[in-house]
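K.L.:
Okay, handing you the structure first.
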Amino acid sequence: MTPLVNHFENFQVLETDTGVDTLALLEIAEADIVIVADRLSDMTAADLCRQIRRERRARLLPVMVLGLSDQPADEADSLAAGADEFISLPVSAPALQARVWAHVRRKWAADEREDVETILFSLAQTVEQRDPLTGGHCQRLADLSVRMGHRMGLSTEDVEALYRGGFLHDIGKIAVPDSILFKPGPLTAEEWVVMRSHTTRGEEICKQMRTLAPVLPIIRSHHEKWDGTGYPDGLRREAIPLLARILQIADVYDALTTARPYKPAFSHLEAMDILRREARMGWRDPELVHLFTDLFPRTADTRVFRAVAS
Ligand SMILES: [Fe+2]
């Protein structure tokens, strides 16, 4: 076969002989497609696909495997491991180029959608940074919610929605004036209406992006309560979307274990006690609170103090 590099004069082609080198290259190079053209000396094509898919940033990277049609197991393994396409050799150069371009065009379109999402994530972080006392809250929330999702055996899509929800759940606060958001005293009834609207405002903002559809229930419903006394819809029990219930528990836990001007950071065990009490009071999903408790080792009562900006 003619060396692969000869078929792609419009691309900058970087070639490696091993899977390890390919993974190392992907760490530093901005790739549009990976083509596994020959047998690798250190791993199978399927192993390489699996390792590429483990990296969050490479989840949309097209991976194409070229193989022999008398090796059907390779085809099945590669596709199951996350390859986008398996092409049986021999293949003509024009057919190969057309397939490659189709994948690259799809990748570019996905990149554009990602760019818009990146802007929304930046917006969400801007909201967070308006309050220096909540620094890092979104990342911690995303991490905790994802751990819960894995623990519960949720689908990759649901876990991804939890990760994004960690960052985007309060994006609607961008529409809440500072005078309300940072009011030192209690809010008036009118101010509460504005504050509570961050759920529906956030949903409105993210509704524009079709790829964020799985995150919308989290954004809208993360302040609902198990007994129906939450907002914005007063949903009860299982009517509250599961992902919103998960994120809410992580949200409450993080708020409790973080110092505020009006309260110290509660220890892990104190926060767990409060969560369990709130479950008994009917505010939280008791089963999820129980599962959340299991995320942490049972031994130490680690008092968590976070830096408070002056
Ligand atoms: Fe919120």
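If you're wondering about the labels, chains in the structure tokens are A, B, ... by order shown, residues count from 1 in each chain, ligands from 1 in order shown.
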I need the strand (DSSP E) residues of stretch 70-127 of chain A per DSSP on the backbone, written as a VMD selection string.
P.N.:
chain A and resid 85 to 89
K.L.:
Around ligand 1, which protein and nucleic acid residues have at least one atom no more than 8 Å from it, if we count only C-alpha atoms and all ligand atoms? List them as number ranges by chain.
P.N.:
A: 169-170, 173, 196, 198-199, 219, 222-223
K.L.:
Restricting the output to N, CA and C atoms, write the selected residues as a JSON list (two decimals), in the first residue's frame.
P.N.:
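Written output follows (again_36.json):
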```json
[["chain", "number", "residue", "atom", "x", "y", "z"],
["A", 169, "HIS", "N", -25.37, 25.27, 36.67],
["A", 169, "HIS", "CA", -26.65, 25.28, 37.40],
["A", 169, "HIS", "C", -27.07, 26.68, 37.85],
["A", 170, "ASP", "N", -26.11, 27.54, 38.19],
["A", 170, "ASP", "CA", -26.47, 28.88, 38.69],
["A", 170, "ASP", "C", -26.21, 29.98, 37.67],
["A", 173, "LYS", "N", -27.95, 33.36, 37.62],
["A", 173, "LYS", "CA", -27.66, 34.44, 38.59],
["A", 173, "LYS", "C", -27.05, 35.65, 37.90],
["A", 196, "ARG", "N", -35.12, 33.67, 43.10],
["A", 196, "ARG", "CA", -35.57, 32.34, 42.67],
["A", 196, "ARG", "C", -35.63, 32.21, 41.15],
["A", 198, "HIS", "N", -33.45, 32.70, 39.15],
["A", 198, "HIS", "CA", -32.19, 32.29, 38.51],
["A", 198, "HIS", "C", -32.31, 30.90, 37.90],
["A", 199, "THR", "N", -33.25, 30.11, 38.41],
["A", 199, "THR", "CA", -33.42, 28.76, 37.86],
["A", 199, "THR", "C", -34.02, 28.81, 36.45],
["A", 219, "ILE", "N", -30.64, 22.57, 35.78],
["A", 219, "ILE", "CA", -30.63, 24.02, 35.98],
["A", 219, "ILE", "C", -31.98, 24.48, 36.54],
["A", 222, "HIS", "N", -32.85, 22.44, 40.44],
["A", 222, "HIS", "CA", -31.91, 22.12, 41.51],
["A", 222, "HIS", "C", -32.29, 22.72, 42.86],
["A", 223, "HIS", "N", -33.38, 23.53, 42.91],
["A", 223, "HIS", "CA", -33.85, 24.04, 44.21],
["A", 223, "HIS", "C", -35.21, 23.46, 44.59]]
```
K.L.:
Would you please extract all helix (DSSP H, G or I) residues from stretch 68-243 of chain A, as assigned by DSSP on the backbone, and give them as a PyMOL selection string?
P.N.:
chain A and resi 72-80+93-130+132-134+137-151+156-168+171-175+178-181+189-196+198-207+210-221+237-239+242-243
K.L.:
List the neighbours of A:Ala46 out to 7 Å using only C-alpha atoms; skip same-chain residues closer than 5 positions along the sequence, and give me the result as a PDB file with C-alpha atoms, in the first residue's frame.
P.N.:
```
ATOM      1  CA  ASP A  77     -13.407  -4.710  19.117  1.00  0.00           C
ATOM      2  CA  SER A  78     -12.386  -1.376  17.607  1.00  0.00           C
ATOM      3  CA  ALA A  81     -13.835   0.543  22.086  1.00  0.00           C
TER       4      ALA A  81
END
```
K.L.:
Applying 12 Å and only C-alpha atoms, which residues near A:Ile240 remain after dropping the ones on its own chain fewer than 2 positions away? List them as JSON, numbers by chain.
P.N.:
{"A": [217, 218, 219, 220, 221, 222, 223, 224, 225, 226, 227, 228, 229, 230, 231, 232, 233, 234, 235, 236, 237, 238, 242, 243, 244, 245, 246, 247, 248, 283, 284, 285]}
K.L.:
Convert the current residue selection to file output with N, CA and C atoms, as a short mmCIF file (atom, residue, chain, number, x, y, z; two decimals), in the first residue's frame.
P.N.:
```
data_model
loop_
_atom_site.label_atom_id
_atom_site.label_comp_id
_atom_site.auth_asym_id
_atom_site.auth_seq_id
_atom_site.Cartn_x
_atom_site.Cartn_y
_atom_site.Cartn_z
N PRO A 217 -32.90 20.18 32.90
CA PRO A 217 -33.65 19.82 34.12
C PRO A 217 -32.86 20.09 35.39
N ILE A 218 -31.53 19.97 35.32
CA ILE A 218 -30.69 20.27 36.51
C ILE A 218 -30.79 21.76 36.82
N ILE A 219 -30.64 22.57 35.78
CA ILE A 219 -30.63 24.02 35.98
C ILE A 219 -31.98 24.48 36.54
N ARG A 220 -33.06 23.96 35.97
CA ARG A 220 -34.39 24.41 36.39
C ARG A 220 -34.77 23.89 37.78
N SER A 221 -34.39 22.66 38.09
CA SER A 221 -34.99 21.99 39.26
C SER A 221 -34.03 21.78 40.43
N HIS A 222 -32.85 22.44 40.44
CA HIS A 222 -31.91 22.12 41.51
C HIS A 222 -32.29 22.72 42.86
N HIS A 223 -33.38 23.53 42.91
CA HIS A 223 -33.85 24.04 44.21
C HIS A 223 -35.21 23.46 44.59
N GLU A 224 -35.64 22.43 43.90
CA GLU A 224 -36.87 21.75 44.32
C GLU A 224 -36.57 20.98 45.60
N LYS A 225 -37.61 20.73 46.39
CA LYS A 225 -37.40 19.94 47.62
C LYS A 225 -38.28 18.70 47.57
N TRP A 226 -37.77 17.61 48.17
CA TRP A 226 -38.42 16.30 48.16
C TRP A 226 -39.90 16.38 48.57
N ASP A 227 -40.21 17.30 49.53
CA ASP A 227 -41.59 17.39 50.03
C ASP A 227 -42.44 18.39 49.24
N GLY A 228 -41.90 18.94 48.16
CA GLY A 228 -42.71 19.82 47.31
C GLY A 228 -42.67 21.29 47.71
N THR A 229 -41.80 21.65 48.68
CA THR A 229 -41.78 23.05 49.14
C THR A 229 -40.68 23.87 48.45
N GLY A 230 -40.05 23.30 47.43
CA GLY A 230 -38.98 24.04 46.74
C GLY A 230 -39.52 24.87 45.57
N TYR A 231 -38.61 25.34 44.75
CA TYR A 231 -39.00 26.14 43.59
C TYR A 231 -38.21 25.72 42.36
N PRO A 232 -38.61 26.07 41.14
CA PRO A 232 -39.70 26.99 40.77
C PRO A 232 -41.06 26.29 40.61
N ASP A 233 -41.13 24.97 40.59
CA ASP A 233 -42.38 24.31 40.22
C ASP A 233 -43.05 23.58 41.38
N GLY A 234 -42.41 23.56 42.55
CA GLY A 234 -42.98 22.84 43.68
C GLY A 234 -43.14 21.35 43.40
N LEU A 235 -42.19 20.78 42.66
CA LEU A 235 -42.26 19.34 42.35
C LEU A 235 -42.01 18.52 43.61
N ARG A 236 -42.60 17.32 43.63
CA ARG A 236 -42.42 16.43 44.80
C ARG A 236 -41.72 15.15 44.39
N ARG A 237 -40.94 14.61 45.31
CA ARG A 237 -40.34 13.27 45.22
C ARG A 237 -39.77 12.97 43.83
N GLU A 238 -40.15 11.81 43.24
CA GLU A 238 -39.53 11.40 41.97
C GLU A 238 -39.91 12.30 40.79
N LEU A 242 -34.01 13.26 38.54
CA LEU A 242 -32.98 12.59 39.34
C LEU A 242 -31.67 13.37 39.37
N LEU A 243 -31.23 13.86 38.20
CA LEU A 243 -29.94 14.54 38.15
C LEU A 243 -29.96 15.83 38.97
N ALA A 244 -31.12 16.49 39.01
CA ALA A 244 -31.24 17.71 39.82
C ALA A 244 -31.17 17.36 41.30
N ARG A 245 -31.77 16.20 41.69
CA ARG A 245 -31.71 15.79 43.11
C ARG A 245 -30.28 15.47 43.51
N ILE A 246 -29.53 14.83 42.60
CA ILE A 246 -28.13 14.48 42.90
C ILE A 246 -27.31 15.75 43.08
N LEU A 247 -27.42 16.65 42.11
CA LEU A 247 -26.61 17.88 42.16
C LEU A 247 -26.95 18.70 43.41
N GLN A 248 -28.23 18.70 43.79
CA GLN A 248 -28.65 19.49 44.94
C GLN A 248 -27.94 19.03 46.22
N TRP A 283 -36.82 17.39 53.16
CA TRP A 283 -36.31 18.28 52.12
C TRP A 283 -35.52 17.55 51.03
N ARG A 284 -34.77 16.51 51.44
CA ARG A 284 -33.87 15.83 50.49
C ARG A 284 -34.32 14.40 50.26
N ASP A 285 -33.92 13.87 49.12
CA ASP A 285 -34.21 12.47 48.80
C ASP A 285 -33.41 11.58 49.75
#
```
K.L.:
Rank nothing, just name the residue among A:Val20, A:Leu66, A:Met195, A:Ile28 nearest to A:Asp42, using only C-alpha atoms.
P.N.:
A:Val20
K.L.:
Find the residue from A:Gly136, A:Pro62, A:Gly19, A:Gly67 that sits nearest to A:Gly82; use only C-alpha atoms when measuring.
P.N.:
A:Pro62
K.L.:
Suppose you want the space between atom CA of A:Ile33 and atom CA of A:Pro94; what is it in Å?
P.N.:
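Separating atom CA of A:Ile33 from atom CA of A:Pro94 is a distance of 16.9 Å.
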K.L.:
Write out as a PyMOL selection string the residues lying within 8 Å of A:Gly149, counting only C-alpha atoms and excluding same-chain residues fewer than 3 positions away.
P.N.:
chain A and resi 145-146+152-154+158-159+162
K.L.:
Of the candidates A:Cys206, A:Met64, A:Ala95, A:Met272, which shows the shortest atom-to-atom distance to A:Asp294, using only C-alpha atoms?
P.N.:
A:Met272
K.L.:
Contacts of A:Ala83 at 12 Å or less, counting only C-alpha atoms, minus same-chain residues fewer than 2 places along, as a PyMOL selection string?
P.N.:
chain A and resi 33-36+45-53+58-66+74-81+85-87+103
K.L.:
Could those selected residues go to a file with N, CA and C atoms, as a compact mmCIF listing (two decimals), in the first residue's frame?
P.N.:
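Dumped everything to result_23.txt:
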```txt
# COMPACT_ATOMS: atom_id res chain seq x y z
N ILE A 33 -8.17 14.21 13.38
CA ILE A 33 -8.56 12.81 13.20
C ILE A 33 -7.36 11.92 13.54
N VAL A 34 -7.66 10.73 14.05
CA VAL A 34 -6.61 9.73 14.25
C VAL A 34 -6.93 8.56 13.34
N ILE A 35 -5.95 8.15 12.54
CA ILE A 35 -6.14 6.98 11.67
C ILE A 35 -5.14 5.91 12.12
N VAL A 36 -5.69 4.79 12.56
CA VAL A 36 -4.82 3.68 12.95
C VAL A 36 -4.67 2.82 11.70
N ALA A 45 -5.49 -1.86 18.18
CA ALA A 45 -6.22 -0.64 17.80
C ALA A 45 -7.33 -0.38 18.80
N ALA A 46 -7.99 -1.46 19.26
CA ALA A 46 -9.08 -1.30 20.23
C ALA A 46 -8.56 -0.69 21.53
N ASP A 47 -7.39 -1.16 22.00
CA ASP A 47 -6.82 -0.61 23.24
C ASP A 47 -6.53 0.89 23.08
N LEU A 48 -6.00 1.23 21.91
CA LEU A 48 -5.69 2.64 21.67
C LEU A 48 -6.98 3.47 21.70
N CYS A 49 -8.03 2.97 21.02
CA CYS A 49 -9.32 3.69 21.01
C CYS A 49 -9.81 3.91 22.43
N ARG A 50 -9.73 2.85 23.22
CA ARG A 50 -10.23 2.93 24.60
C ARG A 50 -9.47 4.03 25.37
N GLN A 51 -8.16 4.05 25.19
CA GLN A 51 -7.36 5.03 25.93
C GLN A 51 -7.63 6.44 25.45
N ILE A 52 -7.84 6.59 24.16
CA ILE A 52 -8.16 7.93 23.63
C ILE A 52 -9.48 8.41 24.22
N ARG A 53 -10.47 7.52 24.29
CA ARG A 53 -11.80 7.92 24.77
C ARG A 53 -11.81 8.22 26.27
N ALA A 58 -10.66 14.45 24.31
CA ALA A 58 -10.59 13.74 23.02
C ALA A 58 -11.87 12.97 22.72
N ARG A 59 -12.93 13.26 23.49
CA ARG A 59 -14.11 12.43 23.30
C ARG A 59 -14.78 12.66 21.94
N LEU A 60 -14.54 13.82 21.32
CA LEU A 60 -15.14 14.10 20.01
C LEU A 60 -14.15 13.90 18.86
N LEU A 61 -12.95 13.43 19.18
CA LEU A 61 -11.93 13.26 18.15
C LEU A 61 -12.25 12.01 17.30
N PRO A 62 -12.42 12.19 15.97
CA PRO A 62 -12.71 11.00 15.16
C PRO A 62 -11.53 10.03 15.15
N VAL A 63 -11.84 8.76 15.29
CA VAL A 63 -10.81 7.72 15.22
C VAL A 63 -11.24 6.70 14.17
N MET A 64 -10.37 6.50 13.20
CA MET A 64 -10.67 5.58 12.10
C MET A 64 -9.64 4.45 12.14
N VAL A 65 -10.10 3.22 12.01
CA VAL A 65 -9.18 2.09 12.03
C VAL A 65 -9.20 1.42 10.66
N LEU A 66 -8.02 1.24 10.08
CA LEU A 66 -7.92 0.52 8.82
C LEU A 66 -7.47 -0.90 9.13
N ASP A 74 -11.31 -7.78 14.99
CA ASP A 74 -10.68 -6.46 15.13
C ASP A 74 -11.71 -5.36 14.92
N GLU A 75 -12.57 -5.57 13.91
CA GLU A 75 -13.59 -4.56 13.60
C GLU A 75 -14.53 -4.39 14.79
N ALA A 76 -15.06 -5.51 15.28
CA ALA A 76 -16.01 -5.44 16.41
C ALA A 76 -15.35 -4.80 17.63
N ASP A 77 -14.10 -5.24 17.93
CA ASP A 77 -13.41 -4.71 19.12
C ASP A 77 -13.16 -3.21 18.99
N SER A 78 -12.71 -2.80 17.79
CA SER A 78 -12.39 -1.38 17.61
C SER A 78 -13.63 -0.51 17.77
N LEU A 79 -14.73 -0.94 17.15
CA LEU A 79 -15.95 -0.13 17.23
C LEU A 79 -16.48 -0.10 18.67
N ALA A 80 -16.42 -1.25 19.35
CA ALA A 80 -16.89 -1.30 20.74
C ALA A 80 -16.03 -0.41 21.63
N ALA A 81 -14.76 -0.25 21.25
CA ALA A 81 -13.83 0.54 22.09
C ALA A 81 -13.91 2.03 21.78
N GLU A 85 -15.11 4.50 12.92
CA GLU A 85 -15.28 3.73 11.69
C GLU A 85 -14.15 2.72 11.55
N PHE A 86 -14.50 1.57 10.99
CA PHE A 86 -13.48 0.56 10.66
C PHE A 86 -13.55 0.36 9.16
N ILE A 87 -12.46 0.59 8.47
CA ILE A 87 -12.47 0.43 7.01
C ILE A 87 -11.62 -0.78 6.64
N HIS A 103 -15.47 12.77 8.32
CA HIS A 103 -15.27 12.78 9.78
C HIS A 103 -14.72 14.13 10.24
```
K.L.:
What does the structure give for the distance between atom CA of A:Leu14 and atom CA of A:Glu114, in Å to one decimal?
P.N.:
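That distance, rounded to one decimal, is 24.6 Å.
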K.L.:
Got a sec: who's within 12 Å of A:Leu212, counting only C-alpha atoms, leaving out chain neighbours fewer than 3 positions off, as number ranges by chain?
P.N.:
A: 113-114, 116-118, 120-121, 157-158, 160-165, 168-169, 202-209, 215-219
